[in-house]
$ cat entry.cif   # mmCIF, C-alpha atoms
data_start
loop_
_atom_site.label_atom_id
_atom_site.label_comp_id
_atom_site.auth_asym_id
_atom_site.auth_seq_id
_atom_site.Cartn_x
_atom_site.Cartn_y
_atom_site.Cartn_z
CA MET A 149 0.00 0.00 0.00
CA ALA A 150 1.03 3.61 -0.52
CA THR A 151 1.87 5.97 2.33
CA SER A 152 1.21 9.63 3.13
CA ASN A 153 2.40 12.25 5.59
CA TRP A 154 -0.85 12.45 7.58
CA SER A 155 -0.66 11.87 11.36
CA ARG A 156 -3.69 10.88 13.41
CA ARG A 157 -2.52 12.89 16.39
CA GLY A 158 -2.48 16.05 14.30
CA PHE A 159 -6.25 16.57 14.42
CA VAL A 160 -6.34 19.25 17.10
CA GLY A 161 -3.43 21.13 15.58
CA LEU A 162 -5.04 21.05 12.18
CA THR A 163 -8.15 22.53 13.77
CA ALA A 164 -6.14 25.50 14.93
CA GLY A 165 -4.60 25.98 11.51
CA LEU A 166 -1.15 24.80 12.58
CA GLY A 167 1.14 22.28 10.98
CA ILE A 168 1.72 19.09 12.91
CA GLY A 169 5.16 20.18 14.06
CA ALA A 170 3.92 23.58 15.21
CA TRP A 171 0.97 21.98 16.94
CA TRP A 172 3.28 19.54 18.73
CA THR A 173 5.55 22.36 19.90
CA SER A 174 2.53 24.41 21.00
CA LEU A 175 1.70 21.61 23.42
CA GLY A 176 5.21 21.71 24.79
CA PHE A 177 6.44 18.47 23.28
CA GLY A 178 9.94 18.90 21.94
CA ASP A 179 10.47 22.10 23.97
CA GLU A 180 13.09 21.12 26.54
CA SER A 181 12.97 24.52 28.27
CA ALA A 182 9.37 24.20 29.47
CA ASP A 183 7.67 22.07 32.10
CA SER A 184 4.05 20.98 31.86
CA GLN A 185 1.42 22.90 33.81
CA ASP A 186 1.12 20.18 36.44
CA GLY A 187 4.87 20.03 37.08
CA ARG A 188 5.75 16.96 35.08
CA PRO A 189 8.56 17.31 32.53
CA ARG A 190 7.69 17.86 28.90
CA VAL A 191 7.97 14.95 26.49
CA THR A 192 10.94 15.87 24.33
CA LYS A 193 11.57 12.61 22.49
CA PRO A 194 8.25 10.84 21.97
CA ARG A 195 8.30 7.17 21.07
CA ALA A 196 5.57 4.84 19.91
CA THR A 197 4.53 3.13 23.13
CA SER A 198 1.65 0.70 23.45
CA GLY A 199 -1.54 2.51 24.44
CA ASP A 200 0.09 5.98 24.54
CA LYS A 201 -1.73 8.32 22.15
CA VAL A 202 -0.76 11.58 23.84
CA SER A 203 2.92 11.52 22.87
CA GLU A 204 2.69 9.67 19.57
CA PRO A 205 5.65 10.69 17.39
CA THR A 206 5.08 12.78 14.29
CA TRP A 207 5.78 10.28 11.54
CA ASP A 208 6.92 11.42 8.11
CA GLU A 209 4.65 8.89 6.43
CA ARG A 210 1.41 7.16 7.37
CA LEU A 211 -0.58 4.39 5.77
CA THR A 212 -2.64 5.35 2.71
CA VAL A 213 -4.96 3.19 0.60
CA THR A 214 -6.06 4.50 -2.80
CA VAL A 215 -9.45 3.65 -4.28
CA GLY A 216 -10.50 4.34 -7.86
CA PRO A 217 -13.01 3.17 -10.46
CA LYS A 218 -10.24 1.95 -12.79
CA GLU A 219 -7.02 2.00 -10.78
CA GLY A 220 -5.76 2.13 -7.21
CA ASP A 221 -4.90 -0.24 -4.39
CA LEU A 222 -8.59 -1.19 -4.42
CA VAL A 223 -10.52 -0.90 -7.69
CA GLY A 224 -14.25 -0.29 -7.89
CA SER A 225 -16.94 2.39 -7.65
CA THR A 226 -19.30 1.08 -4.95
CA HIS A 227 -19.77 1.62 -1.25
CA LYS A 228 -18.33 -1.83 -0.66
CA VAL A 229 -14.90 -0.99 -2.05
CA LEU A 230 -14.79 2.30 -0.13
CA GLN A 231 -15.83 0.49 3.06
CA ALA A 232 -13.13 -2.11 2.54
CA ALA A 233 -10.50 0.63 2.35
CA VAL A 234 -11.83 2.37 5.47
CA ASP A 235 -11.91 -0.87 7.46
CA TYR A 236 -8.40 -1.81 6.35
CA VAL A 237 -6.72 1.38 7.54
CA ALA A 238 -8.82 1.46 10.73
CA ARG A 239 -7.72 -2.06 11.65
CA LEU A 240 -4.10 -0.92 11.44
CA GLY A 241 -4.61 2.05 13.74
CA GLY A 242 -5.70 4.72 11.31
CA GLY A 243 -4.57 6.35 8.10
CA THR A 244 -5.83 7.83 4.85
CA VAL A 245 -8.28 6.55 2.28
CA ARG A 246 -7.52 8.50 -0.88
CA VAL A 247 -10.42 8.41 -3.33
CA LEU A 248 -9.28 8.97 -6.91
CA PRO A 249 -11.27 10.91 -9.53
CA GLY A 250 -14.47 9.29 -10.75
CA THR A 251 -18.12 8.78 -9.89
CA PHE A 252 -18.94 6.31 -7.12
CA THR A 253 -22.59 5.21 -7.03
CA LEU A 254 -23.39 3.93 -3.55
CA ARG A 255 -26.18 1.56 -2.55
CA GLY A 256 -25.23 1.94 1.09
CA SER A 257 -23.53 4.31 3.51
CA VAL A 258 -19.77 4.35 3.94
CA HIS A 259 -19.25 3.99 7.70
CA LEU A 260 -16.15 5.89 8.81
CA ARG A 261 -14.00 4.55 11.65
CA SER A 262 -11.91 6.26 14.31
CA GLY A 263 -8.61 7.63 13.09
CA VAL A 264 -9.54 7.54 9.40
CA ARG A 265 -9.06 10.38 6.96
CA ILE A 266 -11.00 10.12 3.70
CA VAL A 267 -9.85 12.54 1.02
CA GLY A 268 -10.85 12.93 -2.61
CA SER A 269 -9.74 14.93 -5.62
CA GLY A 270 -12.19 17.79 -5.18
CA ASP A 271 -15.12 18.01 -7.57
CA GLU A 272 -13.61 15.23 -9.67
CA THR A 273 -14.43 12.71 -6.92
CA ILE A 274 -18.22 12.31 -6.77
CA LEU A 275 -20.13 10.11 -4.35
CA THR A 276 -23.80 9.74 -5.29
CA LYS A 277 -26.69 7.29 -5.00
CA PRO A 278 -29.30 5.73 -7.31
CA ALA A 279 -33.03 6.44 -7.12
CA SER A 280 -34.62 5.31 -3.87
CA VAL A 281 -37.19 2.52 -3.65
CA THR A 282 -39.90 2.16 -0.99
CA THR A 283 -42.23 -0.71 -0.16
CA LYS A 284 -44.46 -1.75 2.73
CA LEU A 285 -43.67 -4.54 5.16
CA GLN A 286 -45.77 -7.61 4.49
CA SER A 287 -45.83 -9.07 8.00
CA ASP A 288 -45.25 -8.05 11.61
CA SER A 289 -41.77 -7.88 13.10
CA ASP A 290 -41.30 -7.54 16.86
CA TRP A 291 -38.65 -5.44 18.58
CA TYR A 292 -36.37 -8.45 19.12
CA ASP A 293 -36.57 -9.63 15.50
CA GLN A 294 -33.66 -9.25 13.11
CA GLU A 295 -35.59 -9.74 9.90
CA ILE A 296 -38.34 -8.16 7.83
CA THR A 297 -40.54 -9.34 4.98
CA LEU A 298 -41.27 -6.90 2.15
CA VAL A 299 -44.40 -6.64 0.04
CA ASP A 300 -42.28 -6.03 -3.05
CA SER A 301 -38.52 -6.72 -3.00
CA LYS A 302 -37.85 -5.28 -6.46
CA GLY A 303 -34.99 -2.78 -6.19
CA PHE A 304 -33.63 -4.18 -2.90
CA GLU A 305 -30.32 -6.06 -2.74
CA VAL A 306 -28.24 -7.72 -0.06
CA GLY A 307 -25.76 -5.09 1.13
CA ASP A 308 -28.18 -2.17 0.75
CA SER A 309 -28.55 0.43 3.47
CA VAL A 310 -32.24 0.95 4.27
CA CYS A 311 -34.44 3.18 6.37
CA LEU A 312 -37.36 1.60 8.24
CA ARG A 313 -40.24 3.82 9.33
CA THR A 314 -43.44 3.04 11.21
CA ARG A 315 -46.09 4.61 13.39
CA ASN A 316 -45.35 3.72 17.01
CA PRO A 317 -48.23 1.54 18.28
CA HIS A 318 -48.07 3.05 21.77
CA ASN A 319 -47.70 6.82 21.29
CA GLY A 320 -48.57 7.41 17.64
CA GLY A 321 -45.19 8.95 16.81
CA THR A 322 -42.89 7.87 14.01
CA ASP A 323 -40.09 5.39 14.70
CA VAL A 324 -37.12 5.53 12.31
CA LEU A 325 -34.35 2.95 12.12
CA LYS A 326 -31.37 2.60 9.78
CA ARG A 327 -30.20 -0.91 8.99
CA THR A 328 -28.34 -2.95 6.35
CA LEU A 329 -29.73 -5.93 4.47
CA VAL A 330 -27.31 -8.84 4.98
CA ALA A 331 -29.20 -11.95 3.74
CA ARG A 332 -32.37 -12.82 1.87
CA SER A 333 -34.77 -15.53 0.81
CA GLY A 334 -37.21 -14.05 -1.68
CA ASN A 335 -38.95 -11.10 -0.01
CA ARG A 336 -37.56 -12.00 3.43
CA PHE A 337 -34.41 -10.13 4.52
CA LYS A 338 -32.10 -10.44 7.50
CA LEU A 339 -30.84 -7.18 9.05
CA ASP A 340 -27.38 -6.45 10.42
CA ARG A 341 -28.94 -5.61 13.80
CA ALA A 342 -32.19 -6.35 15.61
CA LEU A 343 -35.05 -3.88 15.23
CA ARG A 344 -35.41 -2.90 18.91
CA GLN A 345 -38.78 -1.40 17.90
CA ASN A 346 -42.07 -3.06 17.01
CA TYR A 347 -42.71 -2.90 13.28
CA TRP A 348 -46.31 -4.09 13.09
CA THR A 349 -48.45 -3.82 9.98
CA THR A 350 -51.01 -1.79 11.97
CA GLY A 351 -48.43 1.02 11.98
CA GLU A 352 -48.09 0.93 8.17
CA PRO A 353 -44.33 0.27 8.26
CA THR A 354 -42.18 0.90 5.20
CA CYS A 355 -38.66 0.06 4.06
CA SER A 356 -36.76 2.51 1.81
CA THR A 357 -33.30 2.57 0.26
CA LEU A 358 -32.50 5.88 1.98
CA PHE A 359 -29.18 6.58 3.71
CA PRO A 360 -26.42 9.16 4.25
CA LEU A 361 -23.51 8.85 1.85
CA LEU A 362 -20.89 9.18 4.60
CA THR A 363 -21.76 8.37 8.20
CA SER A 364 -20.22 7.43 11.53
CA GLU A 365 -21.43 6.63 15.03
CA GLU A 366 -19.58 6.53 18.36
CA THR A 367 -16.14 7.19 16.88
CA GLU A 368 -13.51 9.94 17.13
CA ASN A 369 -10.78 11.62 15.13
CA LEU A 370 -12.16 11.80 11.60
CA ILE A 371 -11.13 13.91 8.62
CA ILE A 372 -13.29 14.30 5.50
CA GLU A 373 -11.77 16.40 2.72
CA ASN A 374 -12.03 17.32 -0.95
CA LEU A 375 -15.09 15.32 -1.94
CA ALA A 376 -18.28 16.07 -3.87
CA LEU A 377 -21.35 14.39 -2.35
CA ASP A 378 -24.52 14.41 -4.48
CA GLY A 379 -27.75 13.16 -2.88
CA ASN A 380 -29.66 12.80 -6.18
CA ARG A 381 -32.53 14.76 -4.65
CA ALA A 382 -34.84 14.51 -7.65
CA ASN A 383 -34.94 10.72 -7.43
CA ASN A 384 -34.86 10.12 -3.67
CA GLU A 385 -37.50 10.44 -0.97
CA ASN A 386 -36.97 12.80 1.94
CA LEU A 387 -34.99 11.62 4.97
CA ASP A 388 -35.12 13.88 8.01
CA GLY A 389 -31.83 15.54 8.95
CA ASN A 390 -31.92 13.94 12.39
CA TYR A 391 -31.21 10.65 10.61
CA GLY A 392 -29.44 11.53 7.38
CA GLY A 393 -27.63 13.99 5.15
CA CYS A 394 -24.91 13.84 2.57
CA ILE A 395 -22.80 13.51 5.73
CA PHE A 396 -24.44 12.33 8.96
CA LEU A 397 -22.56 11.86 12.24
CA GLN A 398 -23.92 10.63 15.57
CA ASP A 399 -21.94 10.70 18.86
CA VAL A 400 -18.63 11.46 17.16
CA ASN A 401 -15.86 13.68 18.55
CA ASP A 402 -12.98 15.58 16.94
CA VAL A 403 -14.06 15.84 13.31
CA GLN A 404 -12.59 17.95 10.50
CA ILE A 405 -14.69 18.47 7.36
CA ARG A 406 -12.94 20.63 4.77
CA LYS A 407 -13.44 21.57 1.13
CA VAL A 408 -16.43 19.27 0.75
CA THR A 409 -19.26 19.96 -1.67
CA ALA A 410 -22.58 18.58 -0.39
CA ARG A 411 -25.40 19.09 -2.88
CA ASN A 412 -28.87 18.07 -4.00
CA ASN A 413 -29.95 16.03 -0.99
CA ASN A 414 -33.60 15.43 -0.12
CA GLY A 415 -32.79 16.20 3.50
CA ASP A 416 -29.80 17.96 5.07
CA GLY A 417 -26.41 18.66 3.61
CA ILE A 418 -24.09 18.12 6.60
CA SER A 419 -25.66 17.03 9.89
CA TRP A 420 -24.05 16.04 13.17
CA GLN A 421 -25.89 15.03 16.35
CA ILE A 422 -24.34 15.03 19.85
CA CYS A 423 -20.90 15.53 18.29
CA HIS A 424 -18.24 17.65 19.94
CA ASP A 425 -15.39 19.69 18.43
CA VAL A 426 -16.62 19.43 14.85
CA THR A 427 -14.92 21.76 12.38
CA VAL A 428 -16.54 22.52 9.02
CA GLU A 429 -14.43 24.82 6.86
CA ASP A 430 -14.42 25.95 3.22
CA CYS A 431 -17.35 23.71 2.29
CA HIS A 432 -20.16 24.34 -0.20
CA SER A 433 -23.56 22.99 0.88
CA HIS A 434 -26.38 23.77 -1.52
CA ASP A 435 -29.76 22.87 -3.00
CA HIS A 436 -30.99 20.66 -0.17
CA ALA A 437 -34.59 20.13 0.91
CA GLY A 438 -33.44 20.53 4.52
CA LEU A 439 -30.59 22.35 6.23
CA GLY A 440 -27.24 23.42 4.83
CA LEU A 441 -25.34 22.87 8.10
CA HIS A 442 -27.03 21.20 11.06
CA PRO A 443 -25.01 21.27 14.29
CA GLY A 444 -27.39 18.95 16.09
CA SER A 445 -28.64 18.39 19.60
CA GLY A 446 -26.09 18.68 22.37
CA SER A 447 -23.13 19.38 20.10
CA GLN A 448 -20.43 21.35 21.90
CA ARG A 449 -17.89 23.76 20.41
CA PRO A 450 -18.70 23.52 16.68
CA LEU A 451 -16.48 25.63 14.42
CA MET A 452 -17.99 26.68 11.06
CA ARG A 453 -15.88 28.99 8.92
CA ARG A 454 -15.76 30.18 5.31
CA ASN A 455 -18.57 27.92 4.12
CA LYS A 456 -21.02 28.78 1.36
CA LEU A 457 -24.63 27.72 1.96
CA GLU A 458 -27.18 28.20 -0.80
CA ARG A 459 -30.79 27.40 -1.67
CA CYS A 460 -31.67 25.25 1.33
CA GLN A 461 -34.69 25.39 3.63
CA ILE A 462 -32.48 26.85 6.40
CA GLY A 463 -28.84 27.77 5.95
CA LEU A 464 -27.28 27.22 9.39
CA PHE A 465 -29.49 25.59 12.02
CA PHE A 466 -28.37 25.51 15.64
CA CYS A 467 -30.43 22.61 16.98
CA TRP A 468 -30.93 21.88 20.70
CA GLY A 469 -28.26 22.70 23.26
CA VAL A 470 -25.52 23.69 20.81
CA LYS A 471 -23.02 25.66 22.88
CA TYR A 472 -19.68 27.49 22.71
CA GLY A 473 -19.66 27.45 18.92
CA LEU A 474 -18.30 29.87 16.34
CA ALA A 475 -19.89 30.61 12.95
CA GLU A 476 -17.60 33.00 11.10
CA ASP A 477 -17.06 34.27 7.56
CA ASN A 478 -19.80 32.10 6.09
CA THR A 479 -21.83 33.18 3.04
CA ILE A 480 -25.52 32.22 3.19
CA LEU A 481 -27.55 32.96 0.07
CA ASP A 482 -31.07 32.48 -1.29
CA ILE A 483 -32.40 30.44 1.61
CA LYS A 484 -36.12 29.61 1.64
CA GLY A 485 -36.60 30.09 5.38
CA GLN A 486 -34.08 31.47 7.86
CA GLY A 487 -30.48 32.17 6.98
CA ILE A 488 -29.41 31.33 10.55
CA SER A 489 -31.70 29.82 13.21
CA ILE A 490 -30.87 29.70 16.92
CA GLY A 491 -33.13 28.26 19.60
CA HIS A 492 -33.56 25.59 22.26
CA ARG A 493 -30.76 26.14 24.81
CA ASP A 494 -28.27 27.16 22.11
CA THR A 495 -26.20 29.34 24.43
CA ASP A 496 -22.82 31.08 24.48
CA ASN A 497 -22.19 31.04 20.72
CA ILE A 498 -20.58 33.63 18.46
CA VAL A 499 -21.98 34.46 15.00
CA ARG A 500 -19.52 36.83 13.36
CA LYS A 501 -18.65 38.33 9.95
CA ASN A 502 -21.16 36.28 7.98
CA VAL A 503 -23.06 37.42 4.89
CA VAL A 504 -26.74 36.47 4.94
CA ARG A 505 -28.50 37.58 1.76
CA ASN A 506 -31.95 36.93 0.25
CA SER A 507 -33.45 34.82 3.03
CA GLY A 508 -37.05 33.90 2.29
CA GLN A 509 -38.31 34.53 5.83
CA THR A 510 -35.70 35.88 8.28
CA GLY A 511 -32.00 36.65 8.16
CA ILE A 512 -31.21 35.52 11.73
CA LEU A 513 -33.94 34.10 13.96
CA PHE A 514 -33.89 33.44 17.70
CA ARG A 515 -36.72 30.93 18.02
CA PRO A 516 -39.41 31.61 20.69
CA GLU A 517 -39.28 28.06 22.15
CA ARG A 518 -41.54 27.10 25.10
CA GLY A 519 -40.34 29.51 27.78
CA SER A 520 -37.27 31.41 28.89
CA GLY A 521 -35.55 28.32 30.28
CA PHE A 522 -35.51 26.80 26.79
CA CYS A 523 -34.27 29.81 24.80
CA GLY A 524 -30.85 30.53 23.32
CA HIS A 525 -29.23 32.95 25.77
CA ARG A 526 -25.84 34.72 25.86
CA ASN A 527 -25.08 34.70 22.15
CA LEU A 528 -22.99 37.33 20.36
CA ILE A 529 -24.07 38.46 16.87
CA GLU A 530 -21.55 40.88 15.42
CA GLN A 531 -20.16 42.33 12.19
CA ASN A 532 -22.56 40.43 9.96
CA ILE A 533 -24.02 41.74 6.70
CA ILE A 534 -27.72 40.92 6.47
CA GLU A 535 -29.40 41.96 3.26
CA ASN A 536 -32.88 41.53 1.76
CA SER A 537 -34.57 39.40 4.40
CA GLY A 538 -38.03 37.93 3.95
CA PRO A 539 -41.15 39.24 2.20
CA ASP A 540 -42.58 42.76 2.47
CA ASP A 541 -42.90 42.40 6.26
CA GLY A 542 -39.62 40.52 6.66
CA VAL A 543 -37.19 40.92 9.56
CA ALA A 544 -33.39 40.84 9.34
CA ILE A 545 -32.72 39.85 12.98
CA ASP A 546 -35.72 38.57 14.92
CA VAL A 547 -35.19 37.88 18.64
CA GLN A 548 -38.26 36.13 20.04
CA GLY A 549 -39.53 34.28 23.11
CA GLY A 550 -37.85 34.75 26.46
CA THR A 551 -34.40 35.09 24.94
CA GLU A 552 -31.95 36.93 27.21
CA GLN A 553 -28.46 38.46 27.21
CA ILE A 554 -27.97 38.77 23.47
CA THR A 555 -25.48 41.23 22.04
CA LEU A 556 -26.12 42.58 18.52
CA ARG A 557 -23.10 44.66 17.58
CA GLN A 558 -21.74 46.30 14.44
CA ASN A 559 -24.07 44.45 12.09
CA LYS A 560 -24.88 45.99 8.72
CA ILE A 561 -28.55 45.53 7.90
CA GLN A 562 -29.81 46.71 4.54
CA GLU A 563 -32.61 46.42 2.00
CA THR A 564 -32.24 47.06 -1.72
CA ARG A 565 -35.85 46.16 -2.64
CA GLY A 566 -37.57 49.13 -1.02
CA PRO A 567 -38.72 49.56 2.60
CA ALA A 568 -42.30 48.16 2.36
CA GLY A 569 -42.99 46.96 5.92
CA ARG A 570 -39.52 45.58 6.49
CA ILE A 571 -37.81 45.64 9.90
CA GLY A 572 -34.12 45.61 10.76
CA ILE A 573 -34.13 44.26 14.33
CA ARG A 574 -37.25 43.07 16.12
CA LEU A 575 -37.21 42.29 19.85
CA GLY A 576 -40.08 40.27 21.28
CA LYS A 577 -41.89 41.59 24.34
CA GLU A 578 -40.52 38.82 26.59
CA THR A 579 -36.86 39.32 25.65
CA LYS A 580 -34.48 40.73 28.25
CA GLU A 581 -31.03 42.28 28.43
CA ILE A 582 -30.59 42.70 24.68
CA THR A 583 -27.56 44.90 23.93
CA LEU A 584 -27.59 46.88 20.67
CA ALA A 585 -24.37 48.65 19.69
CA ASP A 586 -23.20 50.35 16.49
CA ASN A 587 -25.49 48.51 14.09
CA SER A 588 -26.20 50.28 10.78
CA PHE A 589 -29.45 50.26 8.80
CA ALA A 590 -30.40 51.18 5.24
CA GLY A 591 -33.55 50.94 3.14
CA LEU A 592 -35.94 49.67 5.87
CA MET A 593 -39.36 50.87 7.02
CA THR A 594 -38.36 50.37 10.68
CA ASP A 595 -34.82 50.00 11.97
CA ILE A 596 -35.62 48.64 15.46
CA GLU A 597 -38.96 47.41 16.75
CA GLN A 598 -39.45 46.60 20.42
CA GLY A 599 -42.40 44.31 21.16
#
$ encode --input "entry.cif" --output "structure tokens"
Amino acid sequence: MATSNWSRRGFVGLTAGLGIGAWWTSLGFGDESADSQDGRPRVTKPRATSGDKVSEPTWDERLTVTVGPKEGDLVGSTHKVLQAAVDYVARLGGGTVRVLPGTFTLRGSVHLRSGVRIVGSGDETILTKPASVTTKLQSDSDWYDQEITLVDSKGFEVGDSVCLRTRNPHNGGTDVLKRTLVARSGNRFKLDRALRQNYWTTGEPTCSTLFPLLTSEETENLIIENLALDGNRANNENLDGNYGGCIFLQDVNDVQIRKVTARNNNGDGISWQICHDVTVEDCHSHDHAGLGLHPGSGSQRPLMRRNKLERCQIGLFFCWGVKYGLAEDNTILDIKGQGISIGHRDTDNIVRKNVVRNSGQTGILFRPERGSGFCGHRNLIEQNIIENSGPDDGVAIDVQGGTEQITLRQNKIQETRGPAGRIGIRLGKETKEITLADNSFAGLMTDIEQG
């Protein structure tokens, strides 16, 4: 196999924009003149020692596996060949999967593993999917079952990733599971894992070939770079962004996503749920039915910089409990709903130097939620350009509900379509401690409206 100069321990340093050597020195390793903060001596000559990840040496070369449709260490254009490459480097402790130019049509998700970097050749490396197929389940399956029977199995193959949906028989809600088909006899398929939910015909259960192109669960230290991910929106049913996207991550820490194009998905572009220290930089997420970027529930310290988000339902959606994040220098254009949406316990974030233009409803919205205890407090919104927000009665920055301790500073809010009934900043009657400083307004009917 080929090798590269990527080091798994360089993730944090790469996040800060440092080279691996500079990152290592910034931690004190290799600096003989400094002691650590707790009094122990610095590691000056790190060696590879079993189980020691903190002082892993900076190797000149690391394992790389190339994958291409016509050439490479592994040859093919399916999710199976990409998964084989990922699993190979993961088994050996991590490394790079380099995806060569070409179009890869996936019938299932590529599941990334800890310590794996997957890198393409920019827009010349395209991961996409065929048209989705949906059918009903023919017979009941209980929560402990690991098989389903389909009414019509046409379009389903062993190895496919599928999405199972049903109405919960106890509360009437919708249960959604993602599984892989691993064996079959006619219309009867075995799943890779048990259902753990009741899929009874009374709930009108369905099975669909819907899945994220790249996904990972309960892993750490991932890098995704220089890929084009196309969700084939016109030929696929919708999959909610809490379960899918061009990229979907669940319970994953320390992730770098750079120079990725995510486009045309009938759902979200890039979605991560309960994931901490996720960096998304220099990406282009556009033309999705859902959200451009979806830092999901409970995600701590997301960093989103220099991304371009276009023609989605919402550009940047802070979900539930997203905290200590930074959204900076992003360009958000022609969004159907809100350019940026902040709400349920999304506290202590900074939204700075973004351009939000031509939002269909609101430029930046603080959602009203269900009471002050659930609102997004202590957020800083500064030095953004917000232009042409909503219809005739649109609002550029709308702070609603019991939202408190928000600073709106040095934002440039403007309208080029005429004032109509348009508002620059609107503060709901239940908001408190909202600081306004040095914001500029042009072309509006009302600059600031206090509820």
$ resolve_selection --input "entry.cif" --expression "the PyMOL selection byres ((chain A and resi 566-570) around 10)" --output "list in words"
Asn536, Ser537, Gly538, Pro539, Asp540, Asp541, Gly542, Val543, Ala544, Gln562, Glu563, Thr564, Arg565, Ile571, Gly572, Ile573, Ala590, Gly591, Leu592, Met593, Thr594 and Asp595 of chain A
$ write_last_selection --input "entry.cif" --atoms "C-alpha atoms" --output "tab-separated table (two decimals), in the frame of the given file"
chain	number	residue	atom	x	y	z
A	536	ASN	CA	-32.88	41.53	1.76
A	537	SER	CA	-34.57	39.40	4.40
A	538	GLY	CA	-38.03	37.93	3.95
A	539	PRO	CA	-41.15	39.24	2.20
A	540	ASP	CA	-42.58	42.76	2.47
A	541	ASP	CA	-42.90	42.40	6.26
A	542	GLY	CA	-39.62	40.52	6.66
A	543	VAL	CA	-37.19	40.92	9.56
A	544	ALA	CA	-33.39	40.84	9.34
A	562	GLN	CA	-29.81	46.71	4.54
A	563	GLU	CA	-32.61	46.42	2.00
A	564	THR	CA	-32.24	47.06	-1.72
A	565	ARG	CA	-35.85	46.16	-2.64
A	571	ILE	CA	-37.81	45.64	9.90
A	572	GLY	CA	-34.12	45.61	10.76
A	573	ILE	CA	-34.13	44.26	14.33
A	590	ALA	CA	-30.40	51.18	5.24
A	591	GLY	CA	-33.55	50.94	3.14
A	592	LEU	CA	-35.94	49.67	5.87
A	593	MET	CA	-39.36	50.87	7.02
A	594	THR	CA	-38.36	50.37	10.68
A	595	ASP	CA	-34.82	50.00	11.97
$ residues_around --input "entry.cif" --residues "range 430-439 of chain A" --least-positions-apart "3" --cutoff "7 Å" --atoms "all atoms listed in the file" --output "list in words"
Gly389, Arg406, Lys407, Val408, Thr409, Ala410, Arg411, Asn412, Asn413, Asn414, Gly415, Asp416, Gly417, His442, Arg453, Arg454, Asn455, Lys456, Leu457, Glu458, Arg459, Cys460, Gln461, Ile462, Gly463, Leu464 and Phe465 of chain A
$ resolve_selection --input "entry.cif" --expression "the PyMOL selection byres ((chain A and resi 324-339) around 10)" --output "JSON list (two decimals) with C-alpha atoms, in the frame of the given file"
[["chain", "number", "residue", "atom", "x", "y", "z"],
["A", 256, "GLY", "CA", -25.23, 1.94, 1.09],
["A", 257, "SER", "CA", -23.53, 4.31, 3.51],
["A", 285, "LEU", "CA", -43.67, -4.54, 5.16],
["A", 286, "GLN", "CA", -45.77, -7.61, 4.49],
["A", 287, "SER", "CA", -45.83, -9.07, 8.00],
["A", 293, "ASP", "CA", -36.57, -9.63, 15.50],
["A", 294, "GLN", "CA", -33.66, -9.25, 13.11],
["A", 295, "GLU", "CA", -35.59, -9.74, 9.90],
["A", 296, "ILE", "CA", -38.34, -8.16, 7.83],
["A", 297, "THR", "CA", -40.54, -9.34, 4.98],
["A", 298, "LEU", "CA", -41.27, -6.90, 2.15],
["A", 299, "VAL", "CA", -44.40, -6.64, 0.04],
["A", 300, "ASP", "CA", -42.28, -6.03, -3.05],
["A", 301, "SER", "CA", -38.52, -6.72, -3.00],
["A", 302, "LYS", "CA", -37.85, -5.28, -6.46],
["A", 304, "PHE", "CA", -33.63, -4.18, -2.90],
["A", 305, "GLU", "CA", -30.32, -6.06, -2.74],
["A", 306, "VAL", "CA", -28.24, -7.72, -0.06],
["A", 307, "GLY", "CA", -25.76, -5.09, 1.13],
["A", 308, "ASP", "CA", -28.18, -2.17, 0.75],
["A", 309, "SER", "CA", -28.55, 0.43, 3.47],
["A", 310, "VAL", "CA", -32.24, 0.95, 4.27],
["A", 311, "CYS", "CA", -34.44, 3.18, 6.37],
["A", 312, "LEU", "CA", -37.36, 1.60, 8.24],
["A", 313, "ARG", "CA", -40.24, 3.82, 9.33],
["A", 314, "THR", "CA", -43.44, 3.04, 11.21],
["A", 315, "ARG", "CA", -46.09, 4.61, 13.39],
["A", 316, "ASN", "CA", -45.35, 3.72, 17.01],
["A", 321, "GLY", "CA", -45.19, 8.95, 16.81],
["A", 322, "THR", "CA", -42.89, 7.87, 14.01],
["A", 323, "ASP", "CA", -40.09, 5.39, 14.70],
["A", 340, "ASP", "CA", -27.38, -6.45, 10.42],
["A", 341, "ARG", "CA", -28.94, -5.61, 13.80],
["A", 342, "ALA", "CA", -32.19, -6.35, 15.61],
["A", 343, "LEU", "CA", -35.05, -3.88, 15.23],
["A", 344, "ARG", "CA", -35.41, -2.90, 18.91],
["A", 345, "GLN", "CA", -38.78, -1.40, 17.90],
["A", 353, "PRO", "CA", -44.33, 0.27, 8.26],
["A", 354, "THR", "CA", -42.18, 0.90, 5.20],
["A", 355, "CYS", "CA", -38.66, 0.06, 4.06],
["A", 356, "SER", "CA", -36.76, 2.51, 1.81],
["A", 357, "THR", "CA", -33.30, 2.57, 0.26],
["A", 358, "LEU", "CA", -32.50, 5.88, 1.98],
["A", 359, "PHE", "CA", -29.18, 6.58, 3.71],
["A", 360, "PRO", "CA", -26.42, 9.16, 4.25],
["A", 387, "LEU", "CA", -34.99, 11.62, 4.97],
["A", 388, "ASP", "CA", -35.12, 13.88, 8.01],
["A", 390, "ASN", "CA", -31.92, 13.94, 12.39],
["A", 391, "TYR", "CA", -31.21, 10.65, 10.61],
["A", 392, "GLY", "CA", -29.44, 11.53, 7.38]]
$ atom_distance --input "entry.cif" --atom1 "CA of Gly243 in chain A" --atom2 "CA of Leu211 in chain A"
5.0 Å
$ residues_around --input "entry.cif" --residues "Pro278 in chain A" --least-positions-apart "3" --cutoff "9 Å" --atoms "all atoms listed in the file" --output "ChimeraX atom specification"
/A:253-255,379-380,383-384
